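**Student:** What follows is entry.csv, CSV, C-alpha atoms.
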```
chain,number,residue,atom,x,y,z
L,1,MET,CA,0.0,0.0,0.0
L,2,ASN,CA,1.4,3.4,-1.0
L,3,SER,CA,1.3,5.7,1.9
L,4,HIS,CA,2.6,8.7,-0.1
L,5,PRO,CA,0.0,11.3,-1.3
L,6,GLN,CA,-0.7,11.2,-5.0
L,7,PRO,CA,0.1,14.4,-7.1
L,8,GLN,CA,-3.7,15.1,-7.4
L,9,ALA,CA,-4.1,14.9,-3.7
L,10,LEU,CA,-1.2,17.2,-3.1
L,11,ARG,CA,-2.6,19.8,-5.5
L,12,ALA,CA,-6.0,19.5,-3.7
L,13,LEU,CA,-4.4,19.9,-0.3
L,14,SER,CA,-2.4,22.9,-1.6
L,15,GLY,CA,-5.5,24.5,-3.0
L,16,VAL,CA,-7.4,24.1,0.3
L,17,GLY,CA,-4.4,25.4,2.3
L,18,LEU,CA,-4.2,28.4,0.0
L,19,ALA,CA,-7.9,29.1,0.4
L,20,PHE,CA,-7.6,28.9,4.2
L,21,LEU,CA,-4.5,31.2,4.1
L,22,LEU,CA,-6.3,33.8,2.0
L,23,ALA,CA,-9.3,33.6,4.2
L,24,ALA,CA,-7.2,34.1,7.3
L,25,CYS,CA,-5.3,37.0,5.8
L,26,ALA,CA,-8.3,38.9,4.4
L,27,PRO,CA,-9.5,40.2,7.7
L,28,ASN,CA,-6.1,41.6,8.6
L,29,GLU,CA,-5.8,43.3,5.2
L,30,GLN,CA,-9.2,44.8,5.7
L,31,GLN,CA,-8.3,45.9,9.2
L,32,ASP,CA,-5.1,47.6,7.9
L,33,ALA,CA,-7.1,49.4,5.2
L,34,LEU,CA,-9.7,50.5,7.7
L,35,GLN,CA,-7.0,51.7,10.1
L,36,SER,CA,-5.3,53.7,7.4
L,37,THR,CA,-8.6,55.3,6.4
L,38,LEU,CA,-9.4,56.1,10.0
L,39,ASP,CA,-6.0,57.6,10.6
L,40,GLU,CA,-6.3,59.8,7.6
L,41,LEU,CA,-9.8,61.0,8.6
L,42,GLN,CA,-8.5,61.7,12.2
L,43,SER,CA,-5.5,63.6,10.7
L,44,ARG,CA,-7.7,65.7,8.5
L,45,GLU,CA,-9.9,66.7,11.4
L,46,ALA,CA,-6.8,67.4,13.5
L,47,ILE,CA,-5.4,69.7,10.8
L,48,ARG,CA,-8.7,71.5,10.5
L,49,THR,CA,-8.6,72.0,14.3
L,50,LEU,CA,-5.0,73.4,13.8
L,51,PHE,CA,-6.3,76.0,11.4
L,52,THR,CA,-9.0,77.1,13.8
L,53,ASP,CA,-6.6,77.1,16.8
L,54,TYR,CA,-4.3,79.4,14.7
L,55,GLY,CA,-7.1,82.0,14.3
L,56,ARG,CA,-8.5,81.6,17.8
L,57,SER,CA,-5.2,82.0,19.6
L,58,LEU,CA,-4.5,85.2,17.6
L,59,ASP,CA,-7.9,86.6,18.2
L,60,GLU,CA,-7.5,85.9,22.0
L,61,ARG,CA,-4.0,87.4,22.0
L,62,ASP,CA,-2.7,84.0,23.3
L,63,PHE,CA,0.7,84.2,21.6
L,64,THR,CA,2.2,81.5,23.9
L,65,SER,CA,-0.4,78.9,22.6
L,66,PHE,CA,0.0,80.3,19.1
L,67,GLY,CA,3.8,79.5,19.1
L,68,GLN,CA,3.1,75.9,20.2
L,69,LEU,CA,1.2,75.4,16.9
L,70,PHE,CA,4.6,75.4,15.0
L,71,THR,CA,7.4,72.8,14.8
L,72,SER,CA,10.8,73.8,16.3
L,73,ASP,CA,12.2,74.4,12.8
L,74,ALA,CA,9.1,76.1,11.4
L,75,GLU,CA,9.2,79.0,9.0
L,76,TYR,CA,6.5,81.7,8.6
L,77,MET,CA,6.4,83.9,5.5
L,78,ALA,CA,4.1,86.8,5.6
L,79,GLY,CA,3.2,89.2,2.8
L,80,GLY,CA,4.5,92.7,2.4
L,81,ALA,CA,7.7,93.8,4.1
L,82,THR,CA,7.2,91.6,7.2
L,83,GLY,CA,9.4,88.9,5.6
L,84,LEU,CA,10.4,85.6,7.1
L,85,ALA,CA,10.4,84.4,10.7
L,86,GLN,CA,11.9,81.1,11.9
L,87,GLY,CA,11.2,79.1,15.0
L,88,PRO,CA,8.0,79.2,17.2
L,89,GLU,CA,9.2,82.1,19.4
L,90,ALA,CA,10.2,84.4,16.5
L,91,ILE,CA,6.9,83.6,14.7
L,92,ALA,CA,4.8,84.3,17.8
L,93,THR,CA,6.7,87.6,18.3
L,94,LEU,CA,6.1,88.6,14.7
L,95,LEU,CA,2.4,87.9,14.8
L,96,GLU,CA,2.1,89.7,18.2
L,97,GLN,CA,3.6,92.8,16.5
L,98,LEU,CA,1.3,92.6,13.5
L,99,ILE,CA,-1.9,91.9,15.4
L,100,THR,CA,-1.4,94.7,18.0
L,101,LYS,CA,-0.4,97.1,15.2
L,102,ASN,CA,-3.4,96.4,13.0
L,103,ALA,CA,-6.2,95.6,15.5
L,104,THR,CA,-6.6,97.8,18.6
L,105,GLY,CA,-10.0,96.3,19.4
L,106,ALA,CA,-11.5,92.9,18.8
L,107,ASN,CA,-10.6,91.0,15.7
L,108,LEU,CA,-11.6,87.8,14.0
L,109,HIS,CA,-9.8,85.2,11.8
L,110,THR,CA,-11.9,82.9,9.6
L,111,TYR,CA,-10.8,80.2,7.1
L,112,ALA,CA,-12.4,78.1,4.4
L,113,ASN,CA,-12.0,76.0,1.3
L,114,GLU,CA,-9.1,73.9,2.6
L,115,LYS,CA,-7.4,71.3,0.5
L,116,ILE,CA,-5.3,68.8,2.4
L,117,THR,CA,-2.9,66.4,0.7
L,118,PHE,CA,-1.0,63.7,2.5
L,119,SER,CA,2.5,62.9,1.3
L,120,SER,CA,3.1,60.4,4.1
L,121,ARG,CA,1.4,59.3,7.3
L,122,ASP,CA,3.0,62.1,9.2
L,123,SER,CA,3.4,64.9,6.6
L,124,ALA,CA,1.0,66.9,4.5
L,125,THR,CA,0.5,70.1,2.5
L,126,ALA,CA,-2.5,72.3,2.6
L,127,LEU,CA,-4.0,75.2,0.6
L,128,SER,CA,-6.8,77.3,2.2
L,129,ARG,CA,-8.3,80.8,2.1
L,130,GLY,CA,-8.8,83.1,5.0
L,131,ALA,CA,-10.2,86.5,6.1
L,132,PHE,CA,-9.1,88.9,8.8
L,133,TYR,CA,-11.7,91.3,10.3
L,134,VAL,CA,-11.0,94.2,12.7
L,135,GLN,CA,-13.0,96.9,14.3
L,136,ASP,CA,-13.1,100.3,12.7
L,137,THR,CA,-13.2,103.6,14.6
L,138,ASP,CA,-17.0,103.3,15.1
L,139,GLY,CA,-16.6,99.8,16.5
L,140,GLN,CA,-18.0,98.1,13.4
L,141,PRO,CA,-16.5,95.1,11.7
L,142,GLN,CA,-14.1,95.9,8.8
L,143,LEU,CA,-12.5,93.4,6.5
L,144,LEU,CA,-8.8,94.1,6.6
L,145,MET,CA,-7.5,91.3,4.4
L,146,LEU,CA,-8.4,88.2,2.3
L,147,ALA,CA,-5.5,85.8,2.2
L,148,THR,CA,-4.3,82.5,0.7
L,149,TYR,CA,-2.5,80.1,3.1
L,150,ARG,CA,0.0,77.6,1.8
L,151,ASP,CA,1.1,75.2,4.4
L,152,GLU,CA,3.6,72.3,5.0
L,153,LEU,CA,2.5,70.3,8.0
L,154,ARG,CA,4.1,67.6,10.1
L,155,ARG,CA,2.9,65.3,12.9
L,156,GLU,CA,5.2,65.4,16.0
L,157,ASN,CA,4.5,63.2,19.0
L,158,GLY,CA,0.9,62.7,17.8
L,159,GLN,CA,0.3,66.4,17.2
L,160,TRP,CA,-0.1,68.0,13.8
L,161,LYS,CA,1.8,71.3,13.5
L,162,PHE,CA,2.8,73.9,11.0
L,163,MET,CA,6.3,73.3,9.5
L,164,ARG,CA,5.9,76.2,7.1
L,165,ARG,CA,3.1,78.7,6.6
L,166,GLU,CA,3.1,81.2,3.7
L,167,VAL,CA,0.5,83.9,3.8
L,168,GLN,CA,-0.3,85.7,0.6
L,169,GLY,CA,-2.4,88.8,0.9
L,170,ASP,CA,-5.0,88.7,-1.9
L,171,LEU,CA,-7.4,91.6,-1.2
L,172,PRO,CA,-6.7,94.3,-0.2
L,173,GLY,CA,-3.2,93.0,0.4
L,174,PRO,CA,-0.6,93.7,3.1
L,175,ALA,CA,-1.4,97.3,3.8
L,176,ASN,CA,0.8,97.7,6.9
L,177,GLU,CA,3.2,100.0,5.1
L,178,VAL,CA,0.4,102.1,3.6
L,179,ARG,CA,-1.3,102.5,7.0
L,180,ALA,CA,2.1,103.6,8.4
L,181,GLY,CA,2.4,106.2,5.6
L,182,LEU,CA,5.4,104.5,4.0
L,183,ALA,CA,6.0,104.9,0.2
L,184,LEU,CA,6.0,101.6,-1.6
L,185,PRO,CA,8.1,100.8,-4.7
L,186,ASP,CA,6.2,101.7,-7.9
L,187,ILE,CA,6.3,98.7,-10.2
L,188,ALA,CA,3.2,99.6,-12.3
L,189,GLY,CA,3.8,99.2,-16.1
L,190,ASP,CA,4.8,96.7,-18.7
L,191,TRP,CA,7.4,94.1,-18.0
L,192,ILE,CA,9.2,91.4,-20.0
L,193,ILE,CA,9.9,88.4,-17.7
L,194,ALA,CA,12.5,85.8,-18.6
L,195,SER,CA,12.7,82.4,-16.8
L,196,SER,CA,13.0,78.7,-17.5
L,197,VAL,CA,11.2,75.5,-16.7
L,198,GLY,CA,13.3,72.7,-15.2
L,199,GLY,CA,16.4,74.9,-15.8
L,200,ALA,CA,16.2,74.1,-19.5
L,201,THR,CA,13.1,75.4,-21.4
L,202,PRO,CA,13.2,79.2,-21.8
L,203,VAL,CA,10.0,81.0,-20.8
L,204,THR,CA,9.1,84.6,-21.7
L,205,VAL,CA,6.0,86.3,-20.1
L,206,TYR,CA,4.7,89.8,-20.8
L,207,CYS,CA,3.0,91.3,-17.7
L,208,THR,CA,1.2,94.5,-17.4
L,209,LEU,CA,1.2,95.4,-13.7
L,210,GLU,CA,-1.4,97.8,-12.2
L,211,GLN,CA,-0.7,99.1,-8.7
L,212,ASP,CA,-3.1,100.8,-6.3
L,213,ALA,CA,-1.2,101.3,-3.1
L,214,ALA,CA,-0.3,97.8,-1.9
L,215,VAL,CA,-2.7,96.0,-4.3
L,216,LEU,CA,-1.5,94.6,-7.6
L,217,GLY,CA,-3.7,93.8,-10.6
L,218,GLY,CA,-3.3,93.6,-14.4
L,219,SER,CA,-2.6,90.7,-16.7
L,220,CYS,CA,0.2,88.4,-18.0
L,221,THR,CA,0.6,86.7,-21.4
L,222,PRO,CA,3.1,84.0,-22.2
L,223,GLU,CA,5.1,84.2,-25.4
L,224,MET,CA,3.5,81.4,-27.3
L,225,ALA,CA,1.1,80.9,-30.2
L,226,ASN,CA,-2.6,81.6,-29.5
L,227,ALA,CA,-1.8,82.5,-25.9
L,228,GLU,CA,-4.4,84.5,-24.0
L,229,ALA,CA,-3.9,87.1,-21.3
L,230,SER,CA,-4.6,85.9,-17.7
L,231,THR,CA,-5.9,88.3,-15.1
L,232,LEU,CA,-3.5,88.5,-12.1
L,233,ARG,CA,-3.9,89.5,-8.5
L,234,GLY,CA,-1.2,90.2,-5.9
L,235,SER,CA,0.3,92.6,-3.4
L,236,ILE,CA,3.4,94.6,-2.8
L,237,GLY,CA,5.4,95.7,0.3
L,238,LEU,CA,8.6,97.5,0.8
L,239,LYS,CA,10.8,94.5,-0.2
L,240,LEU,CA,8.5,92.0,-1.6
L,241,ALA,CA,5.9,91.8,-4.4
L,242,VAL,CA,3.8,88.7,-5.1
L,243,TRP,CA,1.3,88.1,-7.9
L,244,GLY,CA,-0.2,85.1,-9.7
L,245,TYR,CA,-2.9,83.8,-11.9
L,246,ASP,CA,-4.6,80.5,-12.9
L,247,VAL,CA,-3.8,79.0,-16.3
L,248,VAL,CA,-4.6,75.9,-18.4
L,249,PHE,CA,-1.7,73.9,-19.8
L,250,ASN,CA,-2.6,71.3,-22.5
L,251,GLY,CA,-6.1,71.1,-21.2
L,252,ASN,CA,-5.0,70.8,-17.5
L,253,PRO,CA,-5.5,73.5,-14.9
L,254,GLY,CA,-2.4,75.1,-13.5
L,255,ARG,CA,-1.1,78.0,-11.5
L,256,VAL,CA,1.6,80.6,-12.0
L,257,ASP,CA,3.0,82.6,-9.1
L,258,PHE,CA,5.7,85.3,-9.1
L,259,ARG,CA,7.6,86.3,-6.0
L,260,ALA,CA,9.9,89.4,-6.6
L,261,THR,CA,12.4,90.1,-3.9
L,262,THR,CA,14.4,92.7,-5.9
L,263,LEU,CA,12.2,95.7,-6.6
L,264,GLU,CA,14.0,98.3,-8.7
L,265,ALA,CA,12.7,101.0,-11.0
L,266,ASP,CA,13.4,99.1,-14.2
L,267,LYS,CA,14.3,95.6,-12.9
L,268,LEU,CA,12.6,92.9,-10.9
L,269,GLU,CA,14.1,89.6,-9.7
L,270,GLY,CA,12.8,86.6,-7.8
L,271,SER,CA,11.3,83.2,-8.3
L,272,LEU,CA,8.6,81.8,-10.5
L,273,SER,CA,6.4,78.9,-9.5
L,274,LEU,CA,4.8,77.1,-12.5
L,275,SER,CA,2.4,74.4,-11.1
L,276,GLY,CA,4.8,73.5,-8.4
L,277,MET,CA,8.0,73.9,-10.4
L,278,VAL,CA,10.2,76.7,-9.1
L,279,ALA,CA,12.7,78.7,-11.1
L,280,PRO,CA,14.4,82.1,-10.8
L,281,PHE,CA,13.2,84.9,-13.0
L,282,THR,CA,14.4,88.4,-14.1
L,283,ALA,CA,12.1,91.1,-15.4
L,284,GLN,CA,13.0,94.2,-17.4
L,285,ARG,CA,10.7,97.2,-17.8
L,286,ARG,CA,9.6,97.5,-21.4
L,287,GLY,CA,11.5,100.3,-23.2
L,288,THR,CA,14.6,99.9,-21.0
L,289,GLU,CA,15.8,96.5,-22.3
```
Rewrite the coordinates I just gave you, this time as structure tokens.
**Tutor:**
Amino acid sequence: MNSHPQPQALRALSGVGLAFLLAACAPNEQQDALQSTLDELQSREAIRTLFTDYGRSLDERDFTSFGQLFTSDAEYMAGGATGLAQGPEAIATLLEQLITKNATGANLHTYANEKITFSSRDSATALSRGAFYVQDTDGQPQLLMLATYRDELRRENGQWKFMRREVQGDLPGPANEVRAGLALPDIAGDWIIASSVGGATPVTVYCTLEQDAAVLGGSCTPEMANAEASTLRGSIGLKLAVWGYDVVFNGNPGRVDFRATTLEADKLEGSLSLSGMVAPFTAQRRGTE
């Protein structure tokens, strides 16, 4: 009598074993997927809470709690001439100066339209819009600024914090200098902007900048066949001008943002962000090239 299993029996046993193995593994895989989904949902809610804590701590003048919303290596880039602050204490000090300068009474921060994208379990980026209201001389609410927030976020010891926050004043823009009676650089006019994409492909853009105090408007048109002008919005301070506009590349929506850190009468220099790709640019006022 042959006590060894026949090949057919081995195949049958293998099939049964594989079926049991798959059945045993499926619940764990489902649990992992559910846990991953739950973690992302909890993280999204924690980041939304971070946004509201940002506004609430500023409105309550609780700058100690405000500083704790940032990582130890955090950066904060504000519009206008306020520039860059690094580290929680420096960021809290900067915002304390700005808030007490612009709002002597009650004030209110609001935010909306957040888009949160996770790059890993403990890191994310976010884009949101916000508004800052203060009291006027009659005690009535006055809209001081509409802003765009671009954030890099990191989870540390279970807490989501700002690793980098960039605030771009959209309307009416960073008016601190104007309110203080300081004269801003005049960059209104027609500009020829030269840059490159990926360090290789040359890009030429013709921009007409309109300036009303700290607010920039106008349009930009790339040098290419059948290109149409795009309406821009931005702001300017003593040492920084930012403007941007939405575009469509090959049927896909995109975004172009300029950040000029050299503001001279006939020359601008800075960086150009084209749908996330960043490159330096130089601009010459038309008629002076």
**Student:** Quote the spacing between CA of Thr231 in chain L and CA of His109 in chain L in Å to one decimal place.
**Tutor:**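 CA of His109 in chain L lies at a distance of 27.4 Å from CA of Thr231 in chain L.
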**Student:** Which is closest to Pro141 in chain L among L:Glu223, L:Gly105, L:Phe162, L:Phe118, if we use all atoms listed in the file?
**Tutor:**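 Looking at the shortest contact to Pro141 in chain L, the residue is L:Gly105.
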**Student:** Using all atoms listed in the file, which of the listed residues (L:Thr71, L:Gln168, L:Gln97, L:Thr52) sits closest to Thr110 in chain L?
**Tutor:**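 Among the listed residues, L:Thr52 lies closest to Thr110 in chain L.
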